[in-house]
Structures are given as C-alpha cells and as structure tokens.
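Q: Below you'll find entry_9.csv; it's CSV, C-alpha atoms and all ligand atoms.
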```
chain,number,residue,atom,x,y,z
N,1,MET,CA,84.1,160.0,-28.1
N,2,LEU,CA,80.6,158.6,-28.7
N,3,ALA,CA,80.5,155.1,-30.2
N,4,PRO,CA,79.3,155.2,-33.9
N,5,THR,CA,75.7,154.2,-34.4
N,6,HIS,CA,73.9,153.1,-37.6
N,7,THR,CA,70.7,154.9,-38.7
N,8,SER,CA,68.5,152.6,-40.7
N,9,VAL,CA,67.7,153.8,-44.2
N,10,LEU,CA,64.1,153.8,-45.6
N,11,LEU,CA,62.9,152.4,-42.3
N,12,SER,CA,59.2,153.0,-42.6
N,13,GLU,CA,59.2,152.4,-46.3
N,14,ALA,CA,60.8,149.0,-45.7
N,15,ILE,CA,58.2,148.1,-43.1
N,16,VAL,CA,55.3,149.1,-45.4
N,17,ALA,CA,56.9,147.2,-48.3
N,18,LEU,CA,57.3,144.1,-46.2
N,19,ALA,CA,53.6,144.5,-45.2
N,20,VAL,CA,54.6,143.5,-41.6
N,21,GLU,CA,51.7,142.2,-39.6
N,22,SER,CA,51.2,140.5,-36.2
N,23,GLY,CA,52.2,136.9,-36.1
N,24,GLY,CA,54.2,137.1,-39.3
N,25,ARG,CA,57.5,135.4,-39.9
N,26,TYR,CA,60.3,137.6,-41.3
N,27,ILE,CA,63.9,137.3,-42.2
N,28,ASP,CA,66.4,140.2,-42.0
N,29,CYS,CA,69.3,139.0,-44.1
N,30,THR,CA,71.5,142.0,-43.2
N,31,LEU,CA,70.9,142.5,-39.5
N,32,GLY,CA,73.6,145.2,-39.0
N,33,GLY,CA,72.8,147.5,-36.1
N,34,GLY,CA,69.3,145.9,-35.8
N,35,GLY,CA,67.2,149.0,-36.6
N,36,HIS,CA,65.1,147.4,-39.3
N,37,ALA,CA,64.9,144.2,-37.2
N,38,ALA,CA,63.6,145.9,-34.1
N,39,THR,CA,60.9,147.7,-36.1
N,40,ILE,CA,59.8,144.5,-37.8
N,41,LEU,CA,59.6,142.9,-34.3
N,42,GLU,CA,57.5,145.8,-33.0
N,43,TYR,CA,55.0,145.6,-35.9
N,44,GLY,CA,55.0,141.8,-36.0
N,45,SER,CA,54.0,141.6,-32.3
N,46,PRO,CA,52.2,139.8,-30.8
N,47,GLY,CA,53.3,136.5,-32.2
N,48,GLY,CA,55.7,137.6,-34.9
N,49,GLN,CA,59.1,136.0,-35.4
N,50,LEU,CA,62.3,137.3,-36.9
N,51,LEU,CA,65.4,135.5,-38.1
N,52,GLY,CA,68.3,137.9,-38.3
N,53,ILE,CA,71.4,137.1,-40.3
N,54,ASP,CA,74.7,138.9,-40.5
N,55,ALA,CA,78.2,137.7,-41.6
N,56,ASP,CA,79.9,140.1,-39.2
N,57,PRO,CA,80.4,138.7,-35.7
N,58,GLN,CA,80.8,142.2,-34.3
N,59,ALA,CA,77.5,143.3,-35.6
N,60,ILE,CA,75.9,140.1,-34.3
N,61,GLU,CA,77.3,140.7,-30.8
N,62,THR,CA,76.1,144.3,-30.6
N,63,THR,CA,72.7,143.6,-32.0
N,64,ARG,CA,72.1,140.5,-30.0
N,65,THR,CA,72.3,142.8,-26.9
N,66,ARG,CA,69.9,145.4,-28.6
N,67,LEU,CA,67.3,142.7,-29.4
N,68,ALA,CA,67.6,140.7,-26.2
N,69,GLY,CA,64.3,142.0,-24.9
N,70,TYR,CA,62.4,140.2,-27.7
N,71,ASN,CA,63.4,136.9,-26.2
N,72,SER,CA,62.2,133.9,-28.3
N,73,SER,CA,60.6,136.1,-31.0
N,74,VAL,CA,64.1,136.6,-32.5
N,75,LEU,CA,66.7,134.1,-33.7
N,76,ILE,CA,70.1,135.6,-34.6
N,77,VAL,CA,72.7,133.8,-36.7
N,78,ASN,CA,76.2,134.7,-37.7
N,79,GLU,CA,76.2,133.4,-41.2
N,80,ASN,CA,76.5,134.6,-44.8
N,81,PHE,CA,73.2,135.1,-46.6
N,82,VAL,CA,74.5,133.2,-49.5
N,83,GLU,CA,73.5,130.2,-47.3
N,84,LEU,CA,70.0,131.6,-46.8
N,85,GLU,CA,68.0,128.4,-47.8
N,86,ALA,CA,70.2,126.1,-45.7
N,87,ILE,CA,70.0,128.5,-42.7
N,88,CYS,CA,66.2,128.4,-42.9
N,89,ILE,CA,66.0,124.7,-43.3
N,90,LYS,CA,68.4,124.1,-40.4
N,91,ASN,CA,66.4,126.4,-38.1
N,92,ASP,CA,63.0,125.2,-39.4
N,93,PHE,CA,62.2,128.8,-40.3
N,94,LEU,CA,59.9,128.6,-43.4
N,95,PRO,CA,57.7,129.5,-45.1
N,96,VAL,CA,58.1,133.3,-44.5
N,97,HIS,CA,56.0,136.4,-44.9
N,98,GLY,CA,58.8,138.7,-45.8
N,99,ILE,CA,62.5,138.8,-46.5
N,100,LEU,CA,64.6,142.0,-46.2
N,101,PHE,CA,68.1,142.7,-47.7
N,102,ASP,CA,69.6,146.1,-46.7
N,103,LEU,CA,72.8,145.7,-48.6
N,104,GLY,CA,76.3,147.0,-48.2
N,105,LEU,CA,77.9,147.9,-44.9
N,106,SER,CA,76.7,149.7,-41.8
N,107,SER,CA,78.0,153.0,-40.3
N,108,LEU,CA,79.4,150.8,-37.5
N,109,GLN,CA,81.7,149.0,-40.0
N,110,LEU,CA,82.5,152.2,-41.9
N,111,ASN,CA,83.4,154.4,-39.0
N,112,GLY,CA,84.2,152.4,-36.0
N,113,SER,CA,85.5,149.0,-36.9
N,114,GLY,CA,89.1,149.7,-37.8
N,115,ARG,CA,88.7,147.0,-40.5
N,116,GLY,CA,89.7,149.2,-43.5
N,117,PHE,CA,86.4,149.9,-45.1
N,118,SER,CA,86.9,153.7,-45.1
N,119,PHE,CA,89.6,155.9,-46.6
N,120,GLU,CA,88.9,158.5,-43.9
N,121,HIS,CA,90.2,156.3,-41.0
N,122,ASP,CA,93.6,154.8,-41.1
N,123,ALA,CA,93.6,151.0,-40.8
N,124,LEU,CA,95.0,147.9,-42.3
N,125,LEU,CA,93.4,147.0,-45.7
N,126,ASP,CA,91.1,144.2,-44.6
N,127,MET,CA,87.5,144.9,-45.7
N,128,ARG,CA,86.2,141.4,-44.8
N,129,PHE,CA,82.7,141.2,-43.4
N,130,SER,CA,83.8,138.1,-41.5
N,131,PRO,CA,87.2,137.1,-40.2
N,132,SER,CA,86.5,133.6,-41.4
N,133,GLN,CA,87.0,134.7,-45.0
N,134,THR,CA,90.6,134.3,-46.2
N,135,LEU,CA,90.9,137.0,-48.9
N,136,LYS,CA,91.7,140.5,-47.7
N,137,ALA,CA,91.8,143.8,-49.6
N,138,SER,CA,95.6,143.9,-49.1
N,139,ASP,CA,95.9,140.6,-50.9
N,140,ILE,CA,94.2,142.0,-53.9
N,141,VAL,CA,96.1,145.3,-53.8
N,142,ASN,CA,99.5,143.7,-53.4
N,143,THR,CA,99.3,140.6,-55.5
N,144,TYR,CA,97.0,141.2,-58.5
N,145,SER,CA,98.6,142.1,-61.8
N,146,GLU,CA,98.1,145.6,-63.2
N,147,ILE,CA,95.5,144.2,-65.7
N,148,GLU,CA,93.6,142.3,-63.1
N,149,LEU,CA,93.5,145.3,-60.8
N,150,ALA,CA,92.4,147.7,-63.6
N,151,HIS,CA,89.6,145.2,-64.6
N,152,LEU,CA,88.4,144.8,-61.0
N,153,ILE,CA,88.3,148.6,-60.3
N,154,LYS,CA,86.5,149.2,-63.6
N,155,ALA,CA,84.0,146.3,-63.2
N,156,TYR,CA,83.2,146.7,-59.5
N,157,GLY,CA,83.8,150.5,-59.1
N,158,GLU,CA,82.7,151.7,-62.5
N,159,GLU,CA,85.8,153.9,-62.2
N,160,SER,CA,86.9,155.6,-65.5
N,161,TYR,CA,90.5,156.1,-64.2
N,162,SER,CA,90.9,152.4,-63.4
N,163,ARG,CA,94.1,151.9,-65.5
N,164,ARG,CA,95.8,154.9,-64.1
N,165,ILE,CA,94.9,153.8,-60.6
N,166,ALA,CA,96.1,150.3,-61.2
N,167,ARG,CA,99.4,151.6,-62.6
N,168,GLY,CA,99.8,153.9,-59.5
N,169,ILE,CA,99.2,151.0,-57.1
N,170,LEU,CA,101.8,148.8,-58.8
N,171,LYS,CA,104.4,151.6,-58.5
N,172,GLU,CA,103.8,152.1,-54.8
N,173,ARG,CA,103.4,148.5,-53.6
N,174,PRO,CA,103.4,147.2,-51.0
N,175,ILE,CA,100.4,149.2,-49.7
N,176,LYS,CA,99.3,148.1,-46.3
N,177,THR,CA,96.9,150.8,-45.1
N,178,THR,CA,93.8,152.7,-46.2
N,179,LEU,CA,95.3,156.2,-46.0
N,180,LYS,CA,98.3,155.1,-48.1
N,181,LEU,CA,96.0,153.6,-50.7
N,182,ALA,CA,93.8,156.7,-50.7
N,183,GLN,CA,96.9,158.9,-51.3
N,184,VAL,CA,98.2,156.7,-54.1
N,185,ILE,CA,94.8,156.9,-55.8
N,186,GLU,CA,94.6,160.6,-55.4
N,187,ARG,CA,98.0,161.1,-56.9
N,188,ALA,CA,97.2,158.6,-59.8
N,189,VAL,CA,94.1,160.6,-60.9
N,190,GLY,CA,95.8,164.0,-60.5
N,191,GLY,CA,94.3,165.2,-57.2
N,192,ARG,CA,90.8,165.8,-56.0
N,193,LYS,CA,88.3,167.1,-58.6
N,194,GLY,CA,84.8,167.3,-57.1
N,195,ARG,CA,83.0,166.7,-53.8
N,196,ILE,CA,83.5,162.9,-54.0
N,197,HIS,CA,86.9,161.6,-52.9
N,198,PRO,CA,88.8,160.0,-55.8
N,199,ALA,CA,89.3,156.7,-53.8
N,200,THR,CA,85.5,156.2,-53.3
N,201,LYS,CA,85.0,153.9,-56.3
N,202,THR,CA,88.2,151.9,-55.8
N,203,PHE,CA,87.3,151.2,-52.2
N,204,GLN,CA,83.8,150.1,-53.3
N,205,ALA,CA,85.4,147.8,-55.9
N,206,LEU,CA,87.8,146.2,-53.4
N,207,ARG,CA,85.0,145.6,-50.8
N,208,ILE,CA,82.7,144.0,-53.4
N,209,ALA,CA,85.5,141.7,-54.6
N,210,VAL,CA,86.6,140.7,-51.0
N,211,ASN,CA,83.1,139.8,-50.0
N,212,HIS,CA,81.8,138.4,-53.3
N,213,GLU,CA,79.0,140.8,-52.9
N,214,LEU,CA,77.4,140.6,-56.4
N,215,GLU,CA,77.6,136.8,-56.8
N,216,TYR,CA,76.2,136.3,-53.3
N,217,LEU,CA,73.4,138.7,-53.8
N,218,LYS,CA,72.3,136.9,-57.0
N,219,ALA,CA,72.5,133.5,-55.3
N,220,ALA,CA,70.5,134.7,-52.2
N,221,LEU,CA,67.8,136.4,-54.3
N,222,LYS,CA,67.0,133.1,-56.0
N,223,GLN,CA,66.9,131.3,-52.7
N,224,ALA,CA,64.7,133.9,-51.1
N,225,VAL,CA,62.0,133.4,-53.7
N,226,GLY,CA,61.8,129.7,-52.8
N,227,LEU,CA,61.4,130.5,-49.1
N,228,LEU,CA,58.5,133.0,-49.4
N,229,GLY,CA,55.0,131.7,-48.9
N,230,SER,CA,52.1,132.9,-51.1
N,231,GLU,CA,52.0,136.7,-51.1
N,232,GLY,CA,55.2,136.9,-49.1
N,233,ARG,CA,57.3,140.0,-49.8
N,234,LEU,CA,60.8,140.4,-51.0
N,235,VAL,CA,62.3,143.8,-50.2
N,236,VAL,CA,65.8,144.9,-51.2
N,237,ILE,CA,67.6,148.2,-50.4
N,238,SER,CA,70.7,148.8,-52.5
N,239,TYR,CA,73.2,151.6,-52.5
N,240,HIS,CA,74.9,151.6,-55.9
N,241,SER,CA,74.0,150.9,-59.5
N,242,LEU,CA,75.7,147.4,-59.7
N,243,GLU,CA,73.5,146.1,-56.9
N,244,ASP,CA,70.4,147.8,-58.1
N,245,ARG,CA,70.8,146.5,-61.6
N,246,ILE,CA,70.9,142.9,-60.3
N,247,VAL,CA,67.8,143.4,-58.1
N,248,LYS,CA,65.9,145.2,-60.9
N,249,ARG,CA,66.7,142.5,-63.5
N,250,PHE,CA,66.0,139.7,-61.1
N,251,MET,CA,62.6,141.0,-60.0
N,252,LYS,CA,61.7,141.9,-63.6
N,253,GLU,CA,62.7,138.4,-64.9
N,254,GLU,CA,60.9,136.6,-62.1
N,255,SER,CA,57.7,138.6,-62.7
N,256,ILE,CA,57.3,137.7,-66.3
N,257,GLY,CA,56.3,134.4,-68.0
N,258,CYS,CA,58.1,133.4,-71.1
N,259,ILE,CA,61.7,134.8,-71.5
N,260,CYS,CA,62.4,133.3,-74.9
N,261,PRO,CA,64.1,135.7,-77.4
N,262,PRO,CA,61.4,137.5,-79.5
N,263,LYS,CA,62.7,135.6,-82.7
N,264,ILE,CA,61.5,132.2,-81.3
N,265,PRO,CA,58.0,131.6,-82.7
N,266,SER,CA,56.7,129.5,-79.7
N,267,CYS,CA,57.9,129.3,-76.1
N,268,VAL,CA,60.7,126.8,-75.3
N,269,CYS,CA,61.9,128.3,-72.0
N,270,GLN,CA,58.9,127.1,-69.8
N,271,HIS,CA,59.7,130.1,-67.6
N,272,THR,CA,56.9,131.1,-65.3
N,273,ALA,CA,56.5,134.1,-63.1
N,274,HIS,CA,57.2,133.7,-59.4
N,275,LEU,CA,56.9,137.3,-58.4
N,276,ARG,CA,54.6,140.2,-58.9
N,277,LEU,CA,56.1,143.7,-58.8
N,278,ILE,CA,54.5,145.8,-56.0
N,279,SER,CA,55.9,149.1,-57.1
N,280,LYS,CA,57.2,149.4,-60.7
N,281,ARG,CA,59.0,152.6,-59.6
N,282,VAL,CA,62.0,152.4,-57.3
N,283,ILE,CA,61.5,153.9,-53.8
N,284,THR,CA,64.1,156.4,-52.7
N,285,PRO,CA,64.6,158.4,-49.4
N,286,SER,CA,62.8,161.7,-49.0
N,287,SER,CA,64.8,165.0,-48.9
N,288,VAL,CA,64.0,165.1,-45.2
N,289,GLU,CA,65.6,161.7,-44.7
N,290,ILE,CA,68.6,162.5,-46.8
N,291,LYS,CA,69.2,165.7,-44.8
N,292,SER,CA,69.1,163.9,-41.5
N,293,ASN,CA,71.1,160.8,-42.8
N,294,PRO,CA,73.1,161.7,-45.9
N,295,ARG,CA,74.7,158.2,-46.0
N,296,GLY,CA,71.3,156.9,-47.3
N,297,ARG,CA,71.2,159.3,-50.3
N,298,SER,CA,71.9,156.7,-52.9
N,299,ALA,CA,69.5,154.1,-51.4
N,300,LYS,CA,67.0,152.4,-53.7
N,301,LEU,CA,64.2,150.1,-52.4
N,302,ARG,CA,62.5,147.5,-54.6
N,303,VAL,CA,59.7,145.2,-53.6
N,304,ALA,CA,57.9,142.2,-55.1
N,305,GLU,CA,55.4,139.7,-53.9
N,306,ARG,CA,55.5,135.9,-54.2
N,307,ILE,CA,53.0,134.2,-56.5
N,308,ILE,CA,52.8,130.5,-56.4
N,309,THR,CA,52.6,128.9,-59.8
N,310,GLN,CA,50.2,126.1,-60.8
N,311,ASN,CA,53.2,123.8,-61.3
N,312,GLU,CA,54.2,124.5,-57.7
N,313,LEU,CA,50.7,123.8,-56.5
N,314,ASP,CA,50.6,120.6,-58.5
N,315,ASP,CA,54.1,119.5,-57.3
N,316,LYS,CA,53.7,116.1,-55.7
N,317,THR,CA,57.3,115.6,-54.7
N,318,GLY,CA,56.7,117.2,-51.3
N,319,ARG,CA,59.8,119.4,-51.9
N,320,LEU,CA,57.6,122.5,-52.0
N,321,HIS,CA,55.3,121.5,-49.2
N,322,PHE,CA,56.2,124.6,-47.2
N,323,LEU,CA,54.8,127.0,-49.8
N,324,SER,CA,51.5,127.8,-48.1
N,325,LEU,CA,51.9,130.0,-45.0
N,326,THR,CA,50.8,128.3,-41.9
N,327,ASN,CA,49.2,131.5,-40.5
N,328,GLY,CA,46.9,131.7,-43.5
N,329,SER,CA,47.8,133.7,-46.5
N,330,ARG,CA,47.2,137.4,-46.6
P,401,LIG,C1,73.5,148.4,-44.3
P,401,LIG,S1,73.9,147.3,-43.0
P,401,LIG,C2,72.3,146.8,-42.4
P,401,LIG,C3,71.8,147.7,-41.4
P,401,LIG,C4,70.5,147.3,-40.8
P,401,LIG,N1,69.4,147.1,-41.7
P,401,LIG,C5,70.1,148.2,-39.7
P,401,LIG,O1,68.9,148.8,-39.7
P,401,LIG,O2,70.9,148.4,-38.7
P,401,LIG,C6,74.4,145.8,-43.9
P,401,LIG,C7,74.8,144.7,-43.1
P,401,LIG,O3,74.8,143.5,-43.9
P,401,LIG,C8,75.8,142.7,-43.6
P,401,LIG,N2,76.1,141.9,-44.8
P,401,LIG,C9,76.5,142.3,-46.0
P,401,LIG,N3,76.6,141.3,-46.9
P,401,LIG,C10,76.3,140.2,-46.2
P,401,LIG,C11,76.2,138.8,-46.5
P,401,LIG,N4,76.5,138.4,-47.7
P,401,LIG,N5,75.8,137.9,-45.6
P,401,LIG,C12,75.4,138.4,-44.3
P,401,LIG,N6,75.5,139.7,-43.9
P,401,LIG,C13,75.9,140.6,-44.9
P,401,LIG,C14,77.0,143.6,-43.2
P,401,LIG,O4,77.9,142.9,-42.4
P,401,LIG,C15,76.2,144.7,-42.5
P,401,LIG,O5,76.2,144.5,-41.1
```
Show me the file's structure as structure tokens.
A:
Amino acid sequence: MLAPTHTSVLLSEAIVALAVESGGRYIDCTLGGGGHAATILEYGSPGGQLLGIDADPQAIETTRTRLAGYNSSVLIVNENFVELEAICIKNDFLPVHGILFDLGLSSLQLNGSGRGFSFEHDALLDMRFSPSQTLKASDIVNTYSEIELAHLIKAYGEESYSRRIARGILKERPIKTTLKLAQVIERAVGGRKGRIHPATKTFQALRIAVNHELEYLKAALKQAVGLLGSEGRLVVISYHSLEDRIVKRFMKEESIGCICPPKIPSCVCQHTAHLRLISKRVITPSSVEIKSNPRGRSAKLRVAERIITQNELDDKTGRLHFLSLTNGSR
C-alpha cells in the first residue's frame, strides 16, 4: 500500500497572499507535510529563511527529511504554535515578512497515523497532535458527564443532535475505539441521512477539545501580529466555521481603530489598527482544485498586512525594536 501523502490546499494563493520574495523571513506555524514550506523556500530563494513549527513529532520527522536540501535556510521546531512568540525570541527569528497558519490536521494524520482522528480507520481514541499532551479523546468520551459531552459536541461540532449523541455515548461506555464510537453515534441519530457521516461533527468536536484548537488559535494570532514587521503578511487557511469566525473577527478588529460601543460619545478604548485587510473577501479553492483534492473543499484563506502604529514607532522602551524589517520594508 502507498504511504498517505498530504496535498497542500490553496498553495499558490497562499504564496501570493504571503507576498513571498527573495531574502524574506517566513514562519509556517503548521508545517505538516511541508508542501507550503517547500514552496515558500523556493520563492524565498536566494537568501530566504523559513521557521517551520508543528506540534506533531511524526510530521516533524517526515518533513525534516523532505526539507533537508534547504540546509540552513530552514529551521524546524517541534512545538505548539501557542508558544509562537517565545519560539521566535528563543531562535532569534524576528521580525518576519510573513506568517502562515494552515489549520487543522493533515492527510498523514487523518489516514495514516493510527491516532484516532478518523472514523473510517479503526484506532484507539487518542486525537492528540503531540504525545506530550495528557488529555486524550477517550478521556473525554469515557469520563465527561452527559451534559458536559452534549455541550462540547454542540459548541465545537455545531451538532444539532448533540444531546442524543451524548446520551448514546453514556449508555455504551466504555468506548475505546473510533469505529465503536462512530457506530454509537450513527445509532444515536437514527442512521445515516446524507452524504456526510453522522460522526463527522462529533469527531471534529473531540479533536478541537483535545488540542485546545480554538483557544490556541486566538492566542497565536495575537502573538503573530507582534512578530510581523511593517507590511508583513498574516495568512490563515481554516477549514470550518468556528476557526474562520475567529480569524475573520480577529482580522476585522485589528484592522479598525476605535472599538468602543456606538453609544459612547468619545473614544475610551484607545484601540488602534495593527492590520490592513488585503482581501475583504475570503479566498476559496477553485472548482479544479476541489476536484483534484476534495479534502480542501471547505478551505477559506484570509490575509492581512501589518501596519505599524505611531505609538509603536514612538515606543522608547526598546521592546518593539524589532518592528522594522532588517531587509528593508516592502
Ligand atoms: C493542514 S496540516 C498543514 C499542512 C501543510 N501546510 C502542508 O502543506 O503540508 C496542519 C498541521 O498543523 C499542525 N498543528 C495543528 N495545530 C497545531 C498547533 N497548535 N501547534 C503546532 N502545530 C499544529 C498539525 O499537527 C498538522 O501537521
């Protein structure tokens, strides 16, 4: 059997959105199979540098081999992007011209890892991106109360049958494997109804909870803004509405000045814009891309550019000394 591979989603759109240029310094926060990273390195050459981050040690191992030919142009770290700022400071990798997040999980994790991400392959209910994390999907499935489970499945899966599914899970506990959980869910909702498997949303909810995906995304986006030099690009590819809502709100809020409620007569928030939206409309894969890579059909790419505020320019503390890009701003 052929080893599973990951086809990068919105590859050329991401490179254009990042405005990759020779000699630039870029961060790929979700290295995965290294497809986006390799293309950034190609377009960034000569002189470009890439910091690649992934929480999954298996992805790191595979991709380290794939990118070995780029030698000192690439630095790969097995960390969680929630530590983005600390990783950059530790590796003296700032300011940067562009930061990419290609969220979620790769086809390598979904199809070939045996780590319980997919209801189509039997495996223990794990779903951790990194084995250093303690909470597994089986802990949630087998120890949460019915109310807690229903709430989690609703909040992170946007599943309208969340209560029925939670009740079904409680009746059948302990549930150790993906296929058993998928069967329990299918029974709880009264069988398959459409094209989408009835376990899809519950599996998404469990994965999000196990990996703190939404909290970590919010934290990392904030840190990313501080690491970008003037006109540096922030590019995020998301795969479901919960992620996309966070990215959309974040970019919108960071691209406007005052965010005081309209009732307040004069500004008290002192909020200033740190980003400029490059494309107000979300970028999605073409029908040709979807045909050749259906996994990417729900992808949404958003892009914004860093603007440095007068306050930041006036900052005399030295904390923000890295804000001007050493290679000259674009
Ligand atoms: C969709 S894949 C990226 C694919 C990659 N762009 C490519 O072209 O091959 C997402 C990757 O992000 C990683 N990931 C997800 N959340 C993470 C986090 N909080 N910190 C670090 N890596 C994370 C996953 O382990 C996975 O390998």
Q: What's around Asp28 (chain N) at 10 Å? Count all atoms listed in the file, leave out sequence neighbours fewer than 5 positions away in its own chain, and write the answer as a PyMOL selection string.
A: chain N and resi 34+36-37+40+50-54+76+81+98-102+235
Q: Export C-alpha atoms of the chosen residues as an mmCIF file, keeping the file's coordinate frame?
A:
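Output (part.cif):
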```cif
data_model
loop_
_atom_site.group_PDB
_atom_site.id
_atom_site.type_symbol
_atom_site.label_atom_id
_atom_site.label_comp_id
_atom_site.auth_asym_id
_atom_site.auth_seq_id
_atom_site.Cartn_x
_atom_site.Cartn_y
_atom_site.Cartn_z
ATOM 1 C CA GLY N 34 69.300 145.900 -35.800
ATOM 2 C CA HIS N 36 65.100 147.400 -39.300
ATOM 3 C CA ALA N 37 64.900 144.200 -37.200
ATOM 4 C CA ILE N 40 59.800 144.500 -37.800
ATOM 5 C CA LEU N 50 62.300 137.300 -36.900
ATOM 6 C CA LEU N 51 65.400 135.500 -38.100
ATOM 7 C CA GLY N 52 68.300 137.900 -38.300
ATOM 8 C CA ILE N 53 71.400 137.100 -40.300
ATOM 9 C CA ASP N 54 74.700 138.900 -40.500
ATOM 10 C CA ILE N 76 70.100 135.600 -34.600
ATOM 11 C CA PHE N 81 73.200 135.100 -46.600
ATOM 12 C CA GLY N 98 58.800 138.700 -45.800
ATOM 13 C CA ILE N 99 62.500 138.800 -46.500
ATOM 14 C CA LEU N 100 64.600 142.000 -46.200
ATOM 15 C CA PHE N 101 68.100 142.700 -47.700
ATOM 16 C CA ASP N 102 69.600 146.100 -46.700
ATOM 17 C CA VAL N 235 62.300 143.800 -50.200
#
```
Q: Select from chain N every residue with an atom at most 7 Å from any atom of ligand LIG 401 (chain P), then for each give the shortest pair of atoms and their distance in Å to one decimal, using only C-alpha atoms and all ligand atoms, rows by chain and rising number, as CSV.
A:
```
residue,atom,partner,partner_atom,distance
N:His6,CA,P:LIG401,O2,5.7
N:Thr7,CA,P:LIG401,O1,6.4
N:Ser8,CA,P:LIG401,O1,3.9
N:Val9,CA,P:LIG401,O1,6.8
N:Cys29,CA,P:LIG401,C12,6.1
N:Thr30,CA,P:LIG401,O3,3.7
N:Leu31,CA,P:LIG401,C4,5.0
N:Gly32,CA,P:LIG401,O5,3.4
N:Gly33,CA,P:LIG401,O2,3.3
N:Gly34,CA,P:LIG401,O2,4.1
N:Gly35,CA,P:LIG401,O1,3.5
N:His36,CA,P:LIG401,O1,4.1
N:Ala37,CA,P:LIG401,O1,6.6
N:Ile53,CA,P:LIG401,C12,5.8
N:Asp54,CA,P:LIG401,N6,3.6
N:Ala55,CA,P:LIG401,C12,4.0
N:Asp56,CA,P:LIG401,O4,4.7
N:Ala59,CA,P:LIG401,O5,5.8
N:Glu79,CA,P:LIG401,C12,5.9
N:Asn80,CA,P:LIG401,N5,3.5
N:Phe81,CA,P:LIG401,N5,3.9
N:Val82,CA,P:LIG401,N4,5.9
N:Asp102,CA,P:LIG401,N1,5.1
N:Leu103,CA,P:LIG401,C6,5.0
N:Gly104,CA,P:LIG401,C6,4.9
N:Leu105,CA,P:LIG401,C6,4.2
N:Ser106,CA,P:LIG401,S1,3.9
N:Phe129,CA,P:LIG401,O4,5.2
N:Glu213,CA,P:LIG401,N4,6.2
N:Tyr216,CA,P:LIG401,N4,6.0
N:Leu217,CA,P:LIG401,N4,6.8
```
Q: May I ask for the distance between CA of Tyr43 (chain N) and CA of Arg25 (chain N), given in Å to one decimal place?
A: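 Between CA of Tyr43 (chain N) and CA of Arg25 (chain N) the gap is 11.2 Å.
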Q: What gap, in Å, lies between CA of Gly23 (chain N) and CA of Gln49 (chain N)?
A: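 Between CA of Gly23 (chain N) and CA of Gln49 (chain N) the gap works out to 7.0 Å.
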Q: Could you work out how far CA of His121 (chain N) lies from CA of Leu179 (chain N), giving the answer in Å with one decimal?
A: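 For CA of Leu179 (chain N) relative to CA of His121 (chain N), the distance reads 7.1 Å.
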Q: Go through N:Leu41, N:Ile153, N:Leu67, N:Val288 one by one, measure the shortest atom-to-atom distance of each to Gln204 (chain N) using all atoms listed in the file, and give the residue with the smallest value.
A: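 Nearest to Gln204 (chain N): N:Ile153.
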Q: Name all residues at most 12 Å from Ala137 (chain N) (count all atoms listed in the file; drop same-chain ones fewer than 2 positions away) and give them as a PyMOL selection string.
A: chain N and resi 115-118+123-129+133-135+139-144+149+152+175-178+181+202-212
Q: Could you list, as a PyMOL selection string, every residue within 12 Å of region 262-275 of chain N, counting only C-alpha atoms and ignoring same-chain residues fewer than 3 positions away?
A: chain N and resi 221-222+224-235+250-259+278-279+303-312+323
Q: Create the file for the chosen residues now, containing C-alpha atoms and written as an mmCIF file, in the frame of the given file.
A:
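Output file again.cif follows:
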```
data_model
loop_
_atom_site.group_PDB
_atom_site.id
_atom_site.type_symbol
_atom_site.label_atom_id
_atom_site.label_comp_id
_atom_site.auth_asym_id
_atom_site.auth_seq_id
_atom_site.Cartn_x
_atom_site.Cartn_y
_atom_site.Cartn_z
ATOM 1 C CA LEU N 221 67.800 136.400 -54.300
ATOM 2 C CA LYS N 222 67.000 133.100 -56.000
ATOM 3 C CA ALA N 224 64.700 133.900 -51.100
ATOM 4 C CA VAL N 225 62.000 133.400 -53.700
ATOM 5 C CA GLY N 226 61.800 129.700 -52.800
ATOM 6 C CA LEU N 227 61.400 130.500 -49.100
ATOM 7 C CA LEU N 228 58.500 133.000 -49.400
ATOM 8 C CA GLY N 229 55.000 131.700 -48.900
ATOM 9 C CA SER N 230 52.100 132.900 -51.100
ATOM 10 C CA GLU N 231 52.000 136.700 -51.100
ATOM 11 C CA GLY N 232 55.200 136.900 -49.100
ATOM 12 C CA ARG N 233 57.300 140.000 -49.800
ATOM 13 C CA LEU N 234 60.800 140.400 -51.000
ATOM 14 C CA VAL N 235 62.300 143.800 -50.200
ATOM 15 C CA PHE N 250 66.000 139.700 -61.100
ATOM 16 C CA MET N 251 62.600 141.000 -60.000
ATOM 17 C CA LYS N 252 61.700 141.900 -63.600
ATOM 18 C CA GLU N 253 62.700 138.400 -64.900
ATOM 19 C CA GLU N 254 60.900 136.600 -62.100
ATOM 20 C CA SER N 255 57.700 138.600 -62.700
ATOM 21 C CA ILE N 256 57.300 137.700 -66.300
ATOM 22 C CA GLY N 257 56.300 134.400 -68.000
ATOM 23 C CA CYS N 258 58.100 133.400 -71.100
ATOM 24 C CA ILE N 259 61.700 134.800 -71.500
ATOM 25 C CA ILE N 278 54.500 145.800 -56.000
ATOM 26 C CA SER N 279 55.900 149.100 -57.100
ATOM 27 C CA VAL N 303 59.700 145.200 -53.600
ATOM 28 C CA ALA N 304 57.900 142.200 -55.100
ATOM 29 C CA GLU N 305 55.400 139.700 -53.900
ATOM 30 C CA ARG N 306 55.500 135.900 -54.200
ATOM 31 C CA ILE N 307 53.000 134.200 -56.500
ATOM 32 C CA ILE N 308 52.800 130.500 -56.400
ATOM 33 C CA THR N 309 52.600 128.900 -59.800
ATOM 34 C CA GLN N 310 50.200 126.100 -60.800
ATOM 35 C CA ASN N 311 53.200 123.800 -61.300
ATOM 36 C CA GLU N 312 54.200 124.500 -57.700
ATOM 37 C CA LEU N 323 54.800 127.000 -49.800
#
```
Q: Which residue is closest to Ser138 (chain N)? Choose from N:Val189, N:Ile169, N:Leu214, N:Ile15 and count only C-alpha atoms.
A: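 Of N:Val189, N:Ile169, N:Leu214, N:Ile15, the one nearest Ser138 (chain N) is N:Ile169, counting only C-alpha atoms.
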Q: Around all listed atoms of region 70-79 of chain N, padded 8 Å per side, what centre and edge lengths does the axis-aligned box have in Å to one decimal, as JSON?
A:
```
{"center_x": 68.4, "center_y": 136.8, "center_z": -33.7, "size_x": 31.6, "size_y": 22.8, "size_z": 31.0}
```
